[in-house]
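One file, structure-v7.txt, is given below (compact mmCIF, C-alpha atoms).
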# COMPACT_ATOMS: atom_id res chain seq x y z
CA THR X 1 3.37 1.40 9.62
CA ILE X 2 1.70 4.69 8.94
CA SER X 3 -0.99 5.12 6.34
CA CYS X 4 -3.95 7.23 5.30
CA SER X 5 -6.33 6.30 8.12
CA HIS X 6 -8.29 9.45 8.92
CA GLU X 7 -11.54 7.51 9.38
CA HIS X 8 -9.97 5.99 12.53
CA ALA X 9 -8.89 9.33 14.07
CA ALA X 10 -11.25 8.98 17.04
CA TRP X 11 -9.10 6.22 18.53
CA THR X 12 -6.06 7.26 20.53
CA GLY X 13 -2.82 6.29 18.87
CA THR X 14 -4.08 6.50 15.31
CA VAL X 15 -1.41 8.21 13.23
CA SER X 16 -2.42 9.23 9.73
CA ILE X 17 -0.78 10.89 6.78
CA SER X 18 -2.60 12.61 3.95
CA ALA X 19 -3.27 10.88 0.65
CA ARG X 20 -0.91 13.42 -0.96
CA THR X 21 1.86 12.47 1.45
CA LEU X 22 1.32 8.73 0.97
CA TYR X 23 1.38 9.25 -2.80
CA SER X 24 4.61 11.26 -2.55
CA VAL X 25 6.31 8.81 -0.21
CA VAL X 26 5.57 5.88 -2.52
CA GLN X 27 6.73 7.86 -5.57
CA ASP X 28 9.95 8.86 -3.76
CA ILE X 29 10.66 5.26 -2.73
CA ALA X 30 10.00 4.00 -6.26
CA GLU X 31 12.32 6.65 -7.73
CA SER X 32 15.04 5.83 -5.23
CA LEU X 33 14.76 2.14 -6.10
CA ARG X 34 14.88 2.91 -9.84
CA ARG X 35 18.12 4.87 -9.32
CA ALA X 36 19.49 1.84 -7.47
CA GLY X 37 18.63 -0.44 -10.40
CA VAL X 38 15.32 -1.82 -9.13
CA PRO X 39 12.78 -0.79 -11.80
CA LYS X 40 9.70 -2.66 -10.50
CA LEU X 41 7.87 -2.50 -7.19
CA VAL X 42 5.01 -4.41 -5.55
CA LEU X 43 3.14 -2.33 -2.97
CA VAL X 44 1.85 -4.55 -0.17
CA ASN X 45 -1.10 -2.74 1.38
CA GLY X 46 -2.74 -3.84 4.61
CA HIS X 47 -5.21 -0.95 4.97
CA GLY X 48 -8.31 -0.66 2.83
CA GLY X 49 -8.40 3.12 3.19
CA ASN X 50 -5.22 3.70 1.19
CA TYR X 51 -7.22 4.33 -1.98
CA VAL X 52 -4.53 6.54 -3.51
CA LEU X 53 -2.23 3.53 -3.94
CA GLY X 54 -4.41 2.33 -6.82
CA ASN X 55 -3.75 5.63 -8.58
CA VAL X 56 -0.01 5.39 -7.98
CA VAL X 57 0.02 1.91 -9.55
CA GLN X 58 -2.13 3.01 -12.50
CA GLU X 59 0.24 5.90 -13.22
CA SER X 60 3.38 3.75 -13.00
CA GLY X 61 3.03 2.46 -16.54
CA GLY X 62 3.39 -1.17 -15.50
CA ASP X 63 6.30 -0.66 -13.11
CA MET X 64 4.22 -1.23 -9.95
CA ALA X 65 1.65 -3.71 -8.73
CA LEU X 66 -0.68 -3.47 -5.74
CA PHE X 67 -1.23 -6.45 -3.47
CA PRO X 68 -3.58 -7.72 -2.16
CA THR X 69 -6.52 -6.67 -4.32
CA GLU X 70 -10.20 -7.17 -3.49
CA ALA X 71 -10.10 -10.36 -5.57
CA ASP X 72 -7.11 -11.64 -3.56
CA TRP X 73 -8.91 -10.95 -0.28
CA GLU X 74 -12.05 -12.68 -1.56
CA ALA X 75 -10.10 -15.78 -2.65
CA ALA X 76 -8.33 -15.84 0.72
CA ARG X 77 -11.67 -15.56 2.56
CA ILE X 78 -12.99 -18.55 0.64
CA ALA X 79 -9.79 -20.58 1.21
CA ALA X 80 -9.95 -19.89 4.95
CA GLY X 81 -13.68 -20.53 5.33
CA ILE X 82 -14.37 -16.95 6.40
CA ARG X 83 -18.14 -16.55 6.37
CA ASN X 84 -18.48 -12.80 5.90
CA ASN X 85 -17.58 -10.55 2.97
CA GLY X 86 -15.47 -7.38 3.06
CA VAL X 87 -18.49 -5.12 3.55
CA THR X 88 -19.89 -7.01 6.52
CA ASP X 89 -16.46 -7.82 7.98
CA MET X 90 -14.53 -4.58 7.56
CA HIS X 91 -12.54 -3.89 10.73
CA ALA X 92 -11.45 -6.06 13.65
CA GLY X 93 -13.93 -8.74 12.59
CA GLU X 94 -13.55 -12.38 11.63
CA LEU X 95 -10.77 -11.86 9.07
CA GLU X 96 -8.47 -9.49 10.96
CA THR X 97 -8.98 -11.21 14.30
CA SER X 98 -8.19 -14.58 12.68
CA ILE X 99 -4.92 -13.21 11.30
CA LEU X 100 -3.95 -11.92 14.74
CA LEU X 101 -4.99 -15.15 16.49
CA HIS X 102 -2.61 -16.97 14.16
CA ALA X 103 0.30 -14.52 13.97
CA HIS X 104 0.16 -12.60 17.27
CA PRO X 105 -2.47 -14.01 19.63
CA GLU X 106 -1.09 -11.94 22.50
CA LEU X 107 -2.45 -8.81 20.75
CA VAL X 108 -6.06 -10.03 20.78
CA ARG X 109 -8.00 -8.63 23.73
CA SER X 110 -9.92 -11.02 25.90
CA GLY X 111 -13.65 -10.75 25.31
CA TYR X 112 -13.30 -10.42 21.54
CA GLU X 113 -15.77 -13.30 21.21
CA ALA X 114 -18.55 -11.01 22.47
CA SER X 115 -17.61 -7.95 20.40
CA ASP X 116 -19.58 -8.53 17.19
CA GLU X 117 -21.02 -5.45 15.49
CA GLN X 118 -23.00 -5.79 12.26
CA LEU X 119 -22.87 -2.36 10.61
CA ASP X 120 -23.34 -2.97 6.91
CA ASP X 121 -24.58 0.54 6.04
CA ARG X 122 -21.63 2.87 6.55
CA ARG X 123 -22.18 5.01 3.47
CA HIS X 124 -20.95 8.20 5.16
CA MET X 125 -17.94 6.72 6.97
CA LEU X 126 -15.36 8.69 4.99
CA THR X 127 -17.20 11.89 5.90
CA VAL X 128 -18.04 11.25 9.55
CA GLY X 129 -15.46 8.62 10.56
CA LEU X 130 -15.83 5.05 11.75
CA ASP X 131 -16.69 6.13 15.30
CA ALA X 132 -20.03 7.48 14.06
CA TYR X 133 -20.95 3.85 13.43
CA SER X 134 -18.94 1.86 15.96
CA LYS X 135 -17.80 3.02 19.38
CA SER X 136 -15.45 0.03 19.69
CA GLY X 137 -14.02 0.15 16.16
CA VAL X 138 -15.29 -3.35 15.42
CA VAL X 139 -17.21 -3.87 12.20
CA GLY X 140 -17.78 -7.57 11.78
CA ARG X 141 -17.89 -10.78 13.76
CA PRO X 142 -14.67 -11.48 15.65
CA SER X 143 -16.59 -14.25 17.44
CA LEU X 144 -16.14 -16.37 14.30
CA ALA X 145 -12.35 -15.90 14.21
CA SER X 146 -9.83 -18.70 14.67
CA SER X 147 -6.11 -19.23 14.40
CA ARG X 148 -6.70 -21.86 11.70
CA LYS X 149 -8.63 -19.37 9.57
CA GLY X 150 -5.81 -16.88 9.99
CA ARG X 151 -3.23 -19.47 8.93
CA ASP X 152 -5.25 -20.51 5.88
CA LEU X 153 -5.97 -16.93 4.89
CA LEU X 154 -2.31 -15.93 5.03
CA ALA X 155 -1.30 -19.08 3.13
CA SER X 156 -3.75 -18.15 0.38
CA LEU X 157 -2.38 -14.61 0.17
CA VAL X 158 1.20 -15.92 -0.03
CA GLU X 159 0.16 -18.25 -2.85
CA GLN X 160 -1.52 -15.41 -4.75
CA PHE X 161 1.39 -12.98 -4.42
CA GLY X 162 3.34 -14.59 -7.25
CA GLY X 163 0.73 -13.58 -9.80
CA HIS X 164 1.24 -9.90 -8.99
CA PHE X 165 4.99 -10.27 -9.05
CA ASN X 166 4.85 -12.07 -12.40
CA ALA X 167 2.53 -9.42 -13.88
CA LEU X 168 5.41 -6.95 -13.63
CA GLY X 169 7.43 -8.97 -16.13
CA ASP X 170 11.18 -8.62 -16.43

Using structure tokens, write down the structure that the file contains.
Amino acid sequence: TISCSHEHAAWTGTVSISARTLYSVVQDIAESLRRAGVPKLVLVNGHGGNYVLGNVVQESGGDMALFPTEADWEAARIAAGIRNNGVTDMHAGELETSILLHAHPELVRSGYEASDEQLDDRRHMLTVGLDAYSKSGVVGRPSLASSRKGRDLLASLVEQFGGHFNALGD
């Protein structure tokens, strides 16, 4: 997937599109689906930096929903026993590492258990990028991650999805 991830530009392989492009792509997809008889759309977003998606949903007049929301992530954290919140555990920490340990453990680098970085004050991250705060890209505590937490977190998100789908109505 490609998203609006400019704050990660310091890491090789990061591909980003502008917020304008992301907005336009989503609008084009929604219009194409409407022409095909699909009037409603749930946007499933896996990157916290895609802020513009909230605006797209707001402007849709009830024809789109955005999932997961902050509340969905918080409920999933609680269900999985994740200790840290979304500020403390923002990138490659307990939550994301747990998901990978469950779904794709082969993608988790050895030594992740010793990669914790507590960087709660990142108030200028959108201006200066994540690398100004973390040379590794980790913001959180991957040492607390487990496959079980990843399983439980994803199960909670799956359970919560129906509410967003139902909010779209007929």

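Remark: for Leu95 (chain X), the closest of the candidate residues X:Val158, X:Val42, X:Val139, X:Met64 is X:Val139 (distances computed over all atoms listed in the file).
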
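One finds CA of Ser5 (chain X) at 7.5 Å from CA of Asn50 (chain X).
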
Give me the residues near Phe161 (chain X) as a PyMOL selection string, where near means some atom within 10 Å (using all atoms listed in the file) and where sequence neighbours in that chain fewer than 6 positions away do not count. chain X and resi 42+44+66-68+72

Could you jot down the CA of His104 (chain X) to CA of Trp73 (chain X) separation for me, Å, one decimal place? 19.8 Å

CA of Gly46 (chain X) to CA of Leu100 (chain X), distance in Å rounded to a single decimal: 13.0 Å

Interface rows for region 132-163 of chain X against region 11-27 of chain X: nearest pair, Å to one decimal, 10 Å, only C-alpha atoms, as JSON lines:
{"residue": "X:Lys135", "atom": "CA", "partner": "X:Trp11", "partner_atom": "CA", "distance": 9.3}
{"residue": "X:Ser136", "atom": "CA", "partner": "X:Trp11", "partner_atom": "CA", "distance": 8.9}
{"residue": "X:Gly137", "atom": "CA", "partner": "X:Trp11", "partner_atom": "CA", "distance": 8.2}

Filtering to C-alpha atoms, could you give me those residues as a PDB file, in the frame of the given file?
ATOM      1  CA  LYS X 135     -17.800   3.020  19.380  1.00  0.00           C
ATOM      2  CA  SER X 136     -15.450   0.030  19.690  1.00  0.00           C
ATOM      3  CA  GLY X 137     -14.020   0.150  16.160  1.00  0.00           C
TER       4      GLY X 137
END

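Closest to Glu7 (chain X) among X:Leu53, X:Val128, X:Ile78, X:Leu43 is X:Val128, based on only C-alpha atoms.
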
Got a minute to add N, CA and C atoms to region 141-163 of chain X and dump it as an mmCIF file, keeping the file's coordinate frame?
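The result, stored in out_33.cif:
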data_model
loop_
_atom_site.group_PDB
_atom_site.id
_atom_site.type_symbol
_atom_site.label_atom_id
_atom_site.label_comp_id
_atom_site.auth_asym_id
_atom_site.auth_seq_id
_atom_site.Cartn_x
_atom_site.Cartn_y
_atom_site.Cartn_z
ATOM 1 N N ARG X 141 -17.608 -9.745 12.763
ATOM 2 C CA ARG X 141 -17.890 -10.780 13.760
ATOM 3 C C ARG X 141 -16.609 -11.464 14.221
ATOM 4 N N PRO X 142 -15.866 -10.828 15.126
ATOM 5 C CA PRO X 142 -14.670 -11.480 15.650
ATOM 6 C C PRO X 142 -14.978 -12.794 16.357
ATOM 7 N N SER X 143 -16.223 -12.999 16.770
ATOM 8 C CA SER X 143 -16.590 -14.250 17.440
ATOM 9 C C SER X 143 -16.380 -15.465 16.545
ATOM 10 N N LEU X 144 -16.334 -15.253 15.236
ATOM 11 C CA LEU X 144 -16.140 -16.370 14.300
ATOM 12 C C LEU X 144 -14.666 -16.610 13.975
ATOM 13 N N ALA X 145 -13.776 -15.817 14.528
ATOM 14 C CA ALA X 145 -12.350 -15.900 14.210
ATOM 15 C C ALA X 145 -11.697 -17.140 14.808
ATOM 16 N N SER X 146 -10.632 -17.597 14.133
ATOM 17 C CA SER X 146 -9.830 -18.700 14.670
ATOM 18 C C SER X 146 -8.413 -18.604 14.122
ATOM 19 N N SER X 147 -7.494 -19.174 14.836
ATOM 20 C CA SER X 147 -6.110 -19.230 14.400
ATOM 21 C C SER X 147 -5.986 -19.994 13.078
ATOM 22 N N ARG X 148 -6.738 -21.070 12.925
ATOM 23 C CA ARG X 148 -6.700 -21.860 11.700
ATOM 24 C C ARG X 148 -7.120 -21.024 10.503
ATOM 25 N N LYS X 149 -8.181 -20.237 10.655
ATOM 26 C CA LYS X 149 -8.630 -19.370 9.570
ATOM 27 C C LYS X 149 -7.535 -18.361 9.223
ATOM 28 N N GLY X 150 -6.898 -17.815 10.227
ATOM 29 C CA GLY X 150 -5.810 -16.880 9.990
ATOM 30 C C GLY X 150 -4.663 -17.516 9.235
ATOM 31 N N ARG X 151 -4.296 -18.728 9.626
ATOM 32 C CA ARG X 151 -3.230 -19.470 8.930
ATOM 33 C C ARG X 151 -3.598 -19.708 7.476
ATOM 34 N N ASP X 152 -4.816 -20.189 7.240
ATOM 35 C CA ASP X 152 -5.250 -20.510 5.880
ATOM 36 C C ASP X 152 -5.388 -19.258 5.022
ATOM 37 N N LEU X 153 -5.843 -18.180 5.618
ATOM 38 C CA LEU X 153 -5.970 -16.930 4.890
ATOM 39 C C LEU X 153 -4.605 -16.408 4.454
ATOM 40 N N LEU X 154 -3.655 -16.402 5.373
ATOM 41 C CA LEU X 154 -2.310 -15.930 5.030
ATOM 42 C C LEU X 154 -1.646 -16.847 4.003
ATOM 43 N N ALA X 155 -1.862 -18.141 4.119
ATOM 44 C CA ALA X 155 -1.300 -19.080 3.130
ATOM 45 C C ALA X 155 -1.861 -18.791 1.739
ATOM 46 N N SER X 156 -3.137 -18.486 1.659
ATOM 47 C CA SER X 156 -3.750 -18.150 0.380
ATOM 48 C C SER X 156 -3.156 -16.874 -0.195
ATOM 49 N N LEU X 157 -2.971 -15.869 0.644
ATOM 50 C CA LEU X 157 -2.380 -14.610 0.170
ATOM 51 C C LEU X 157 -0.947 -14.834 -0.327
ATOM 52 N N VAL X 158 -0.181 -15.623 0.402
ATOM 53 C CA VAL X 158 1.200 -15.920 -0.030
ATOM 54 C C VAL X 158 1.173 -16.591 -1.392
ATOM 55 N N GLU X 159 0.266 -17.538 -1.574
ATOM 56 C CA GLU X 159 0.160 -18.250 -2.850
ATOM 57 C C GLU X 159 -0.215 -17.295 -3.990
ATOM 58 N N GLN X 160 -1.058 -16.338 -3.716
ATOM 59 C CA GLN X 160 -1.520 -15.410 -4.750
ATOM 60 C C GLN X 160 -0.497 -14.324 -5.096
ATOM 61 N N PHE X 161 0.434 -14.058 -4.212
ATOM 62 C CA PHE X 161 1.390 -12.980 -4.420
ATOM 63 C C PHE X 161 2.163 -13.139 -5.727
ATOM 64 N N GLY X 162 2.545 -14.342 -6.062
ATOM 65 C CA GLY X 162 3.340 -14.590 -7.250
ATOM 66 C C GLY X 162 2.716 -14.055 -8.525
ATOM 67 N N GLY X 163 1.408 -14.095 -8.624
ATOM 68 C CA GLY X 163 0.730 -13.580 -9.800
ATOM 69 C C GLY X 163 0.979 -12.089 -10.003
#
